[in-house]
$ cat upload_10.cif   # mmCIF, C-alpha atoms, pLDDT in the B column; chains and numbers go by the auth columns
data_coords
#
loop_
_atom_site.group_PDB
_atom_site.id
_atom_site.type_symbol
_atom_site.label_atom_id
_atom_site.label_comp_id
_atom_site.label_asym_id
_atom_site.label_seq_id
_atom_site.Cartn_x
_atom_site.Cartn_y
_atom_site.Cartn_z
_atom_site.B_iso_or_equiv
_atom_site.auth_seq_id
_atom_site.auth_asym_id
ATOM 1 C CA MET A 1 0.000 0.000 0.000 42.00 13 A
ATOM 2 C CA LEU A 2 2.752 2.479 0.910 48.00 14 A
ATOM 3 C CA GLN A 3 4.603 1.812 -2.351 53.00 15 A
ATOM 4 C CA ALA A 4 1.473 2.595 -4.395 51.00 16 A
ATOM 5 C CA TRP A 5 1.167 5.884 -2.496 50.00 17 A
ATOM 6 C CA ARG A 6 4.839 6.632 -3.236 49.00 18 A
ATOM 7 C CA LEU A 7 4.336 6.150 -6.961 53.00 19 A
ATOM 8 C CA LYS A 8 1.563 8.751 -6.918 72.00 20 A
ATOM 9 C CA LYS A 9 2.862 11.424 -4.556 89.00 21 A
ATOM 10 C CA GLY A 10 6.370 12.670 -3.923 96.00 22 A
ATOM 11 C CA LEU A 11 7.306 14.342 -0.668 97.00 23 A
ATOM 12 C CA VAL A 12 8.648 17.746 0.285 98.00 24 A
ATOM 13 C CA ILE A 13 11.710 17.083 2.459 98.00 25 A
ATOM 14 C CA VAL A 14 13.777 19.683 4.311 98.00 26 A
ATOM 15 C CA TYR A 15 17.268 19.148 5.719 98.00 27 A
ATOM 16 C CA THR A 16 18.230 22.143 7.829 98.00 28 A
ATOM 17 C CA GLY A 17 20.167 23.126 10.934 97.00 29 A
ATOM 18 C CA LYS A 18 23.674 24.237 11.833 94.00 30 A
ATOM 19 C CA GLY A 19 25.142 20.731 11.895 94.00 31 A
ATOM 20 C CA LYS A 20 27.002 19.206 8.963 92.00 32 A
ATOM 21 C CA GLY A 21 25.427 16.651 6.684 94.00 33 A
ATOM 22 C CA LYS A 22 22.522 18.323 4.888 97.00 34 A
ATOM 23 C CA THR A 23 23.954 18.099 1.377 95.00 35 A
ATOM 24 C CA THR A 24 25.487 14.723 2.179 95.00 36 A
ATOM 25 C CA ALA A 25 22.078 13.360 3.233 97.00 37 A
ATOM 26 C CA ALA A 26 20.548 14.674 0.015 98.00 38 A
ATOM 27 C CA LEU A 27 23.304 13.064 -2.045 97.00 39 A
ATOM 28 C CA GLY A 28 22.671 9.781 -0.219 96.00 40 A
ATOM 29 C CA ALA A 29 18.998 9.974 -1.213 97.00 41 A
ATOM 30 C CA ALA A 30 20.077 10.729 -4.786 97.00 42 A
ATOM 31 C CA LEU A 31 22.321 7.671 -4.821 96.00 43 A
ATOM 32 C CA ARG A 32 19.443 5.503 -3.577 97.00 44 A
ATOM 33 C CA SER A 33 17.035 6.987 -6.080 97.00 45 A
ATOM 34 C CA VAL A 34 19.384 6.441 -9.030 97.00 46 A
ATOM 35 C CA GLY A 35 19.824 2.867 -7.809 96.00 47 A
ATOM 36 C CA HIS A 36 16.123 2.355 -8.475 95.00 48 A
ATOM 37 C CA GLY A 37 16.402 3.851 -11.959 96.00 49 A
ATOM 38 C CA HIS A 38 14.826 7.162 -10.948 97.00 50 A
ATOM 39 C CA ASN A 39 15.815 10.471 -12.508 98.00 51 A
ATOM 40 C CA VAL A 40 17.401 12.975 -10.141 98.00 52 A
ATOM 41 C CA ILE A 41 18.481 16.589 -10.501 98.00 53 A
ATOM 42 C CA MET A 42 20.415 18.642 -7.972 98.00 54 A
ATOM 43 C CA ILE A 43 20.508 22.406 -8.373 98.00 55 A
ATOM 44 C CA GLN A 44 23.054 24.094 -6.135 95.00 56 A
ATOM 45 C CA PHE A 45 22.124 27.629 -5.073 94.00 57 A
ATOM 46 C CA ILE A 46 25.354 28.626 -3.305 89.00 58 A
ATOM 47 C CA LYS A 47 28.103 26.278 -4.429 80.00 59 A
ATOM 48 C CA GLY A 48 29.407 26.736 -7.900 70.00 60 A
ATOM 49 C CA GLU A 49 32.924 28.067 -8.298 72.00 61 A
ATOM 50 C CA TRP A 50 35.014 25.837 -6.052 74.00 62 A
ATOM 51 C CA TYR A 51 35.817 22.234 -6.851 79.00 63 A
ATOM 52 C CA TYR A 52 34.011 19.663 -4.705 82.00 64 A
ATOM 53 C CA GLY A 53 33.713 15.932 -5.189 87.00 65 A
ATOM 54 C CA GLU A 54 30.116 15.708 -6.334 89.00 66 A
ATOM 55 C CA LEU A 55 31.013 17.658 -9.486 88.00 67 A
ATOM 56 C CA THR A 56 32.978 14.614 -10.648 91.00 68 A
ATOM 57 C CA SER A 57 31.107 11.746 -8.982 91.00 69 A
ATOM 58 C CA SER A 58 27.731 12.949 -10.266 91.00 70 A
ATOM 59 C CA LYS A 59 28.933 12.431 -13.847 93.00 71 A
ATOM 60 C CA LYS A 60 29.354 8.726 -13.060 94.00 72 A
ATOM 61 C CA LEU A 61 25.624 8.529 -12.311 94.00 73 A
ATOM 62 C CA GLU A 62 24.524 9.990 -15.649 95.00 74 A
ATOM 63 C CA PRO A 63 22.079 9.822 -17.353 96.00 75 A
ATOM 64 C CA HIS A 64 19.941 9.409 -14.216 97.00 76 A
ATOM 65 C CA PHE A 65 21.635 12.173 -12.225 98.00 77 A
ATOM 66 C CA GLU A 66 22.077 15.773 -13.330 97.00 78 A
ATOM 67 C CA LEU A 67 23.960 18.384 -11.286 96.00 79 A
ATOM 68 C CA ILE A 68 23.677 22.092 -11.972 96.00 80 A
ATOM 69 C CA ALA A 69 26.054 24.252 -9.933 93.00 81 A
ATOM 70 C CA ALA A 70 24.317 27.593 -10.363 93.00 82 A
ATOM 71 C CA GLY A 71 25.755 29.557 -7.433 85.00 83 A
ATOM 72 C CA LYS A 72 28.713 31.896 -7.240 81.00 84 A
ATOM 73 C CA GLY A 73 30.202 30.324 -4.115 78.00 85 A
ATOM 74 C CA PHE A 74 29.718 31.040 -0.441 78.00 86 A
ATOM 75 C CA VAL A 75 28.469 34.555 0.206 76.00 87 A
ATOM 76 C CA GLY A 76 30.672 36.986 2.091 66.00 88 A
ATOM 77 C CA ILE A 77 33.239 34.474 3.352 70.00 89 A
ATOM 78 C CA LEU A 78 36.710 33.260 2.479 66.00 90 A
ATOM 79 C CA ASP A 79 37.578 34.348 -1.053 74.00 91 A
ATOM 80 C CA ASP A 80 34.158 35.637 -2.138 73.00 92 A
ATOM 81 C CA ASP A 81 34.860 38.302 -4.750 81.00 93 A
ATOM 82 C CA HIS A 82 31.288 38.692 -6.027 77.00 94 A
ATOM 83 C CA THR A 83 28.837 41.446 -5.260 86.00 95 A
ATOM 84 C CA LEU A 84 25.618 40.674 -3.442 83.00 96 A
ATOM 85 C CA GLU A 85 23.795 41.519 -6.671 91.00 97 A
ATOM 86 C CA GLN A 86 25.781 38.832 -8.546 89.00 98 A
ATOM 87 C CA HIS A 87 24.853 36.273 -5.881 90.00 99 A
ATOM 88 C CA LYS A 88 21.191 37.323 -6.156 94.00 100 A
ATOM 89 C CA GLU A 89 21.264 36.967 -9.948 95.00 101 A
ATOM 90 C CA ALA A 90 22.767 33.475 -9.642 94.00 102 A
ATOM 91 C CA ALA A 91 20.165 32.380 -7.067 95.00 103 A
ATOM 92 C CA SER A 92 17.338 33.799 -9.174 96.00 104 A
ATOM 93 C CA LYS A 93 18.680 31.906 -12.194 96.00 105 A
ATOM 94 C CA ALA A 94 18.837 28.694 -10.123 96.00 106 A
ATOM 95 C CA ALA A 95 15.209 29.163 -9.031 97.00 107 A
ATOM 96 C CA LYS A 96 14.113 29.710 -12.622 97.00 108 A
ATOM 97 C CA ILE A 97 15.975 26.563 -13.680 98.00 109 A
ATOM 98 C CA ALA A 98 14.154 24.637 -10.923 98.00 110 A
ATOM 99 C CA ILE A 99 10.767 25.868 -12.146 97.00 111 A
ATOM 100 C CA GLU A 100 11.634 25.004 -15.767 97.00 112 A
ATOM 101 C CA LYS A 101 12.947 21.542 -14.861 98.00 113 A
ATOM 102 C CA LEU A 102 9.909 20.776 -12.691 98.00 114 A
ATOM 103 C CA ALA A 103 7.630 21.694 -15.595 97.00 115 A
ATOM 104 C CA THR A 104 9.182 18.884 -17.677 97.00 116 A
ATOM 105 C CA ASN A 105 7.861 16.294 -15.182 97.00 117 A
ATOM 106 C CA ALA A 106 11.058 14.326 -15.924 97.00 118 A
ATOM 107 C CA TYR A 107 12.428 14.015 -12.380 98.00 119 A
ATOM 108 C CA ASP A 108 11.537 11.717 -9.525 97.00 120 A
ATOM 109 C CA LEU A 109 13.764 13.662 -7.117 98.00 121 A
ATOM 110 C CA MET A 110 14.806 17.301 -7.270 98.00 122 A
ATOM 111 C CA ILE A 111 17.337 18.556 -4.725 98.00 123 A
ATOM 112 C CA LEU A 112 17.558 22.307 -4.170 98.00 124 A
ATOM 113 C CA ASP A 113 20.881 22.462 -2.367 97.00 125 A
ATOM 114 C CA GLU A 114 21.405 25.415 -0.005 96.00 126 A
ATOM 115 C CA ILE A 115 18.110 27.029 -1.049 98.00 127 A
ATOM 116 C CA ASN A 116 17.197 27.643 2.604 97.00 128 A
ATOM 117 C CA TYR A 117 20.469 29.477 3.150 94.00 129 A
ATOM 118 C CA ALA A 118 19.898 31.477 -0.056 95.00 130 A
ATOM 119 C CA ALA A 119 16.521 32.565 1.335 96.00 131 A
ATOM 120 C CA ASN A 120 18.087 33.484 4.681 95.00 132 A
ATOM 121 C CA LEU A 121 20.645 35.677 2.892 93.00 133 A
ATOM 122 C CA ASP A 122 17.823 37.335 0.899 95.00 134 A
ATOM 123 C CA LEU A 123 19.291 36.046 -2.352 96.00 135 A
ATOM 124 C CA ILE A 124 15.849 34.853 -3.449 96.00 136 A
ATOM 125 C CA PRO A 125 12.427 35.786 -2.132 97.00 137 A
ATOM 126 C CA LEU A 126 10.579 33.285 0.022 97.00 138 A
ATOM 127 C CA GLU A 127 7.575 33.596 -2.309 97.00 139 A
ATOM 128 C CA MET A 128 9.678 32.131 -5.134 97.00 140 A
ATOM 129 C CA ILE A 129 10.535 29.066 -3.038 98.00 141 A
ATOM 130 C CA ILE A 130 6.884 28.602 -2.142 98.00 142 A
ATOM 131 C CA GLN A 131 6.036 28.843 -5.858 96.00 143 A
ATOM 132 C CA ILE A 132 8.604 26.115 -6.586 98.00 144 A
ATOM 133 C CA ILE A 133 7.124 23.849 -3.913 98.00 145 A
ATOM 134 C CA LYS A 134 3.580 24.406 -5.127 96.00 146 A
ATOM 135 C CA SER A 135 4.564 23.799 -8.764 96.00 147 A
ATOM 136 C CA LYS A 136 6.189 20.422 -8.158 96.00 148 A
ATOM 137 C CA PRO A 137 4.598 17.554 -10.055 97.00 149 A
ATOM 138 C CA ILE A 138 2.741 15.094 -7.830 95.00 150 A
ATOM 139 C CA LYS A 139 5.272 12.275 -8.452 95.00 151 A
ATOM 140 C CA THR A 140 8.360 14.395 -7.714 97.00 152 A
ATOM 141 C CA THR A 141 10.013 14.438 -4.318 98.00 153 A
ATOM 142 C CA LEU A 142 11.454 17.869 -3.643 98.00 154 A
ATOM 143 C CA MET A 143 14.357 18.115 -1.211 98.00 155 A
ATOM 144 C CA LEU A 144 15.421 21.524 0.159 98.00 156 A
ATOM 145 C CA THR A 145 18.708 21.798 2.045 98.00 157 A
ATOM 146 C CA GLY A 146 20.495 24.529 3.945 97.00 158 A
ATOM 147 C CA ASN A 147 20.620 26.326 7.241 95.00 159 A
ATOM 148 C CA TYR A 148 17.817 28.542 8.460 97.00 160 A
ATOM 149 C CA ALA A 149 14.822 26.929 6.748 98.00 161 A
ATOM 150 C CA PRO A 150 12.024 29.500 6.928 97.00 162 A
ATOM 151 C CA SER A 151 9.045 28.501 9.071 97.00 163 A
ATOM 152 C CA GLU A 152 6.784 28.770 6.014 98.00 164 A
ATOM 153 C CA ILE A 153 8.869 26.113 4.237 98.00 165 A
ATOM 154 C CA ILE A 154 8.866 23.875 7.311 98.00 166 A
ATOM 155 C CA GLU A 155 5.065 24.166 7.406 97.00 167 A
ATOM 156 C CA LEU A 156 4.760 23.062 3.752 97.00 168 A
ATOM 157 C CA ALA A 157 7.168 20.123 4.184 98.00 169 A
ATOM 158 C CA ASP A 158 6.194 16.518 4.740 97.00 170 A
ATOM 159 C CA LEU A 159 9.469 15.654 6.476 97.00 171 A
ATOM 160 C CA VAL A 160 11.936 17.976 8.234 98.00 172 A
ATOM 161 C CA THR A 161 15.255 16.912 9.702 98.00 173 A
ATOM 162 C CA GLU A 162 17.382 19.356 11.649 98.00 174 A
ATOM 163 C CA MET A 163 21.099 18.617 11.757 97.00 175 A
ATOM 164 C CA ARG A 164 22.582 19.686 15.090 95.00 176 A
ATOM 165 C CA GLU A 165 26.282 20.099 15.709 91.00 177 A
ATOM 166 C CA VAL A 166 27.492 18.221 18.766 91.00 178 A
ATOM 167 C CA LYS A 167 31.227 18.329 18.069 90.00 179 A
ATOM 168 C CA HIS A 168 33.246 19.661 15.131 83.00 180 A
ATOM 169 C CA PRO A 169 36.986 19.390 14.334 82.00 181 A
ATOM 170 C CA TYR A 170 36.943 22.951 12.930 79.00 182 A
ATOM 171 C CA LYS A 171 36.954 24.187 16.530 81.00 183 A
ATOM 172 C CA LEU A 172 40.314 22.449 16.921 80.00 184 A
ATOM 173 C CA GLY A 173 41.716 24.164 13.841 83.00 185 A
ATOM 174 C CA VAL A 174 41.021 21.323 11.379 83.00 186 A
ATOM 175 C CA LYS A 175 39.967 22.782 8.041 81.00 187 A
ATOM 176 C CA ALA A 176 37.578 21.142 5.590 79.00 188 A
ATOM 177 C CA VAL A 177 38.645 17.623 4.621 78.00 189 A
ATOM 178 C CA GLU A 178 38.814 16.601 0.952 78.00 190 A
ATOM 179 C CA GLY A 179 36.407 13.789 0.165 79.00 191 A
ATOM 180 C CA ILE A 180 34.444 14.344 3.376 77.00 192 A
ATOM 181 C CA ASP A 181 33.558 18.037 3.458 79.00 193 A
ATOM 182 C CA TYR A 182 33.912 18.859 -0.229 77.00 194 A
#
$ encode --input "upload_10.cif" --output "structure tokens"
Amino acid sequence: MLQAWRLKKGLVIVYTGKGKGKTTAALGAALRSVGHGHNVIMIQFIKGEWYYGELTSSKKLEPHFELIAAGKGFVGILDDDHTLEQHKEAASKAAKIAIEKLATNAYDLMILDEINYAANLDLIPLEMIIQIIKSKPIKTTLMLTGNYAPSEIIELADLVTEMREVKHPYKLGVKAVEGIDY
């Protein structure tokens, strides 16, 4: 009975919180979904200019997995040399891509990576995210990741998981680890 329901209605899933693992959890779901022959797309709202492992590994999952790195990188930290307006343009473009891709009804799972954080930074309006959620085809599961998920998004979601940091090596001076953090 549950499987028949699943074939008819995808979920809205939110991974949020200050702990690590939101994108990693979404990529794990993508890996599972591809394993069942489902079509998956991940649109990254913040990441985009640095190299990180999923840029290469996602190509090994084609044609069932598509990754679009639409962001300009992390906003206002490290080596960010983009204006806020450039970040807003990139996030708006990513949202438009999401709406266009949803309209094709070709995806079983769509991951909007760091969209919650993009909303928190006012890179895209909350109304646009709500429009994306409401425009999702019935069969598509929509996964939204990133810190600071707005309460309106949490209300619309079917499943919300909050990642909570308990301990982090960064506090001991350990920088991001290749293959684990990026």
$ resolve_selection --input "upload_10.cif" --expression "the PyMOL selection byres ((chain A and resi 190-193) around 9)" --output "list in words"
Lys32, Gly33, Thr36, Tyr64, Gly65, Ala188, Val189 and Tyr194 of chain A
$ closest_residue --input "upload_10.cif" --among "A:Leu79, A:Ile25, A:Ala102, A:Ile127" --to "Ala37 in chain A" --atoms "all atoms listed in the file"
A:Ile25
$ resolve_selection --input "upload_10.cif" --expression "the PyMOL selection byres ((chain A and resi 52) around 8)" --output "PyMOL selection string"
chain A and resi 42+45-46+50-51+53-54+76-78+119-123
$ closest_residue --input "upload_10.cif" --among "A:Tyr27, A:Tyr182, A:Tyr160, A:Tyr63" --to "Leu124 in chain A" --atoms "only C-alpha atoms"
A:Tyr27
$ atom_distance --input "upload_10.cif" --atom1 "CA of His48 in chain A" --atom2 "CA of Pro75 in chain A"
13.0 Å
$ decode --input "upload_10.cif" --residues "range 129-142 of chain A" --atoms "all heavy atoms" --output "CSV table (one decimal), in the first residue's frame"
chain,number,residue,atom,x,y,z
A,129,TYR,N,19.4,28.5,2.8
A,129,TYR,CA,20.5,29.5,3.2
A,129,TYR,C,20.4,30.7,2.2
A,129,TYR,O,20.5,31.8,2.6
A,129,TYR,CB,21.8,28.8,3.1
A,129,TYR,CG,22.9,29.6,3.7
A,129,TYR,CD1,22.8,30.2,5.0
A,129,TYR,CD2,24.2,29.8,3.1
A,129,TYR,CE1,23.8,30.9,5.6
A,129,TYR,CE2,25.2,30.5,3.7
A,129,TYR,CZ,25.0,31.1,4.9
A,129,TYR,OH,26.0,31.8,5.5
A,130,ALA,N,20.1,30.4,0.9
A,130,ALA,CA,19.9,31.5,-0.1
A,130,ALA,C,18.7,32.4,0.4
A,130,ALA,O,18.8,33.6,0.2
A,130,ALA,CB,19.7,30.9,-1.5
A,131,ALA,N,17.7,31.8,0.9
A,131,ALA,CA,16.5,32.6,1.3
A,131,ALA,C,16.9,33.4,2.6
A,131,ALA,O,16.6,34.6,2.7
A,131,ALA,CB,15.3,31.7,1.7
A,132,ASN,N,17.7,32.8,3.5
A,132,ASN,CA,18.1,33.5,4.7
A,132,ASN,C,19.0,34.7,4.4
A,132,ASN,O,18.9,35.7,5.0
A,132,ASN,CB,18.8,32.5,5.6
A,132,ASN,CG,19.3,33.2,6.9
A,132,ASN,OD1,18.4,33.6,7.7
A,132,ASN,ND2,20.6,33.3,7.1
A,133,LEU,N,19.8,34.6,3.3
A,133,LEU,CA,20.6,35.7,2.9
A,133,LEU,C,19.9,36.7,2.0
A,133,LEU,O,20.6,37.6,1.4
A,133,LEU,CB,21.9,35.1,2.2
A,133,LEU,CG,22.8,34.3,3.0
A,133,LEU,CD1,23.9,33.6,2.1
A,133,LEU,CD2,23.5,35.2,4.1
A,134,ASP,N,18.6,36.5,1.8
A,134,ASP,CA,17.8,37.3,0.9
A,134,ASP,C,18.3,37.3,-0.5
A,134,ASP,O,18.2,38.3,-1.3
A,134,ASP,CB,17.8,38.8,1.4
A,134,ASP,CG,16.9,38.9,2.7
A,134,ASP,OD1,15.9,38.2,2.8
A,134,ASP,OD2,17.3,39.7,3.6
A,135,LEU,N,18.9,36.2,-1.0
A,135,LEU,CA,19.3,36.0,-2.4
A,135,LEU,C,18.1,35.8,-3.3
A,135,LEU,O,18.1,36.1,-4.4
A,135,LEU,CB,20.3,34.9,-2.5
A,135,LEU,CG,21.6,35.1,-1.7
A,135,LEU,CD1,22.6,33.9,-2.0
A,135,LEU,CD2,22.3,36.4,-2.0
A,136,ILE,N,17.1,35.1,-2.7
A,136,ILE,CA,15.8,34.9,-3.4
A,136,ILE,C,14.7,35.1,-2.5
A,136,ILE,O,14.8,34.8,-1.3
A,136,ILE,CB,15.8,33.4,-4.1
A,136,ILE,CG1,16.0,32.4,-3.0
A,136,ILE,CG2,16.7,33.3,-5.2
A,136,ILE,CD1,15.7,31.0,-3.5
A,137,PRO,N,13.6,35.6,-3.0
A,137,PRO,CA,12.4,35.8,-2.1
A,137,PRO,C,11.8,34.5,-1.7
A,137,PRO,O,11.7,33.5,-2.5
A,137,PRO,CB,11.5,36.6,-3.0
A,137,PRO,CG,12.0,36.6,-4.4
A,137,PRO,CD,13.4,36.1,-4.4
A,138,LEU,N,11.3,34.4,-0.5
A,138,LEU,CA,10.6,33.3,0.0
A,138,LEU,C,9.4,32.9,-0.9
A,138,LEU,O,9.1,31.7,-1.1
A,138,LEU,CB,10.1,33.6,1.4
A,138,LEU,CG,9.3,32.5,2.1
A,138,LEU,CD1,10.1,31.2,2.3
A,138,LEU,CD2,8.8,33.0,3.5
A,139,GLU,N,8.7,33.9,-1.4
A,139,GLU,CA,7.6,33.6,-2.3
A,139,GLU,C,8.0,32.7,-3.5
A,139,GLU,O,7.2,31.9,-4.0
A,139,GLU,CB,6.9,34.9,-2.8
A,139,GLU,CG,6.3,35.8,-1.7
A,139,GLU,CD,7.4,36.5,-0.9
A,139,GLU,OE1,8.5,36.9,-1.4
A,139,GLU,OE2,7.1,36.8,0.3
A,140,MET,N,9.2,32.9,-4.0
A,140,MET,CA,9.7,32.1,-5.1
A,140,MET,C,9.9,30.7,-4.7
A,140,MET,O,9.5,29.8,-5.5
A,140,MET,CB,11.0,32.7,-5.7
A,140,MET,CG,11.4,32.1,-7.0
A,140,MET,SD,12.8,32.9,-7.7
A,140,MET,CE,12.0,34.0,-8.8
A,141,ILE,N,10.4,30.4,-3.5
A,141,ILE,CA,10.5,29.1,-3.0
A,141,ILE,C,9.2,28.4,-2.9
A,141,ILE,O,9.0,27.2,-3.2
A,141,ILE,CB,11.3,29.0,-1.7
A,141,ILE,CG1,12.7,29.7,-1.9
A,141,ILE,CG2,11.5,27.6,-1.2
A,141,ILE,CD1,13.5,29.9,-0.7
A,142,ILE,N,8.2,29.1,-2.3
A,142,ILE,CA,6.9,28.6,-2.1
A,142,ILE,C,6.3,28.3,-3.5
A,142,ILE,O,5.7,27.2,-3.7
A,142,ILE,CB,6.0,29.6,-1.3
A,142,ILE,CG1,6.5,29.6,0.1
A,142,ILE,CG2,4.5,29.2,-1.4
A,142,ILE,CD1,5.9,30.7,1.0
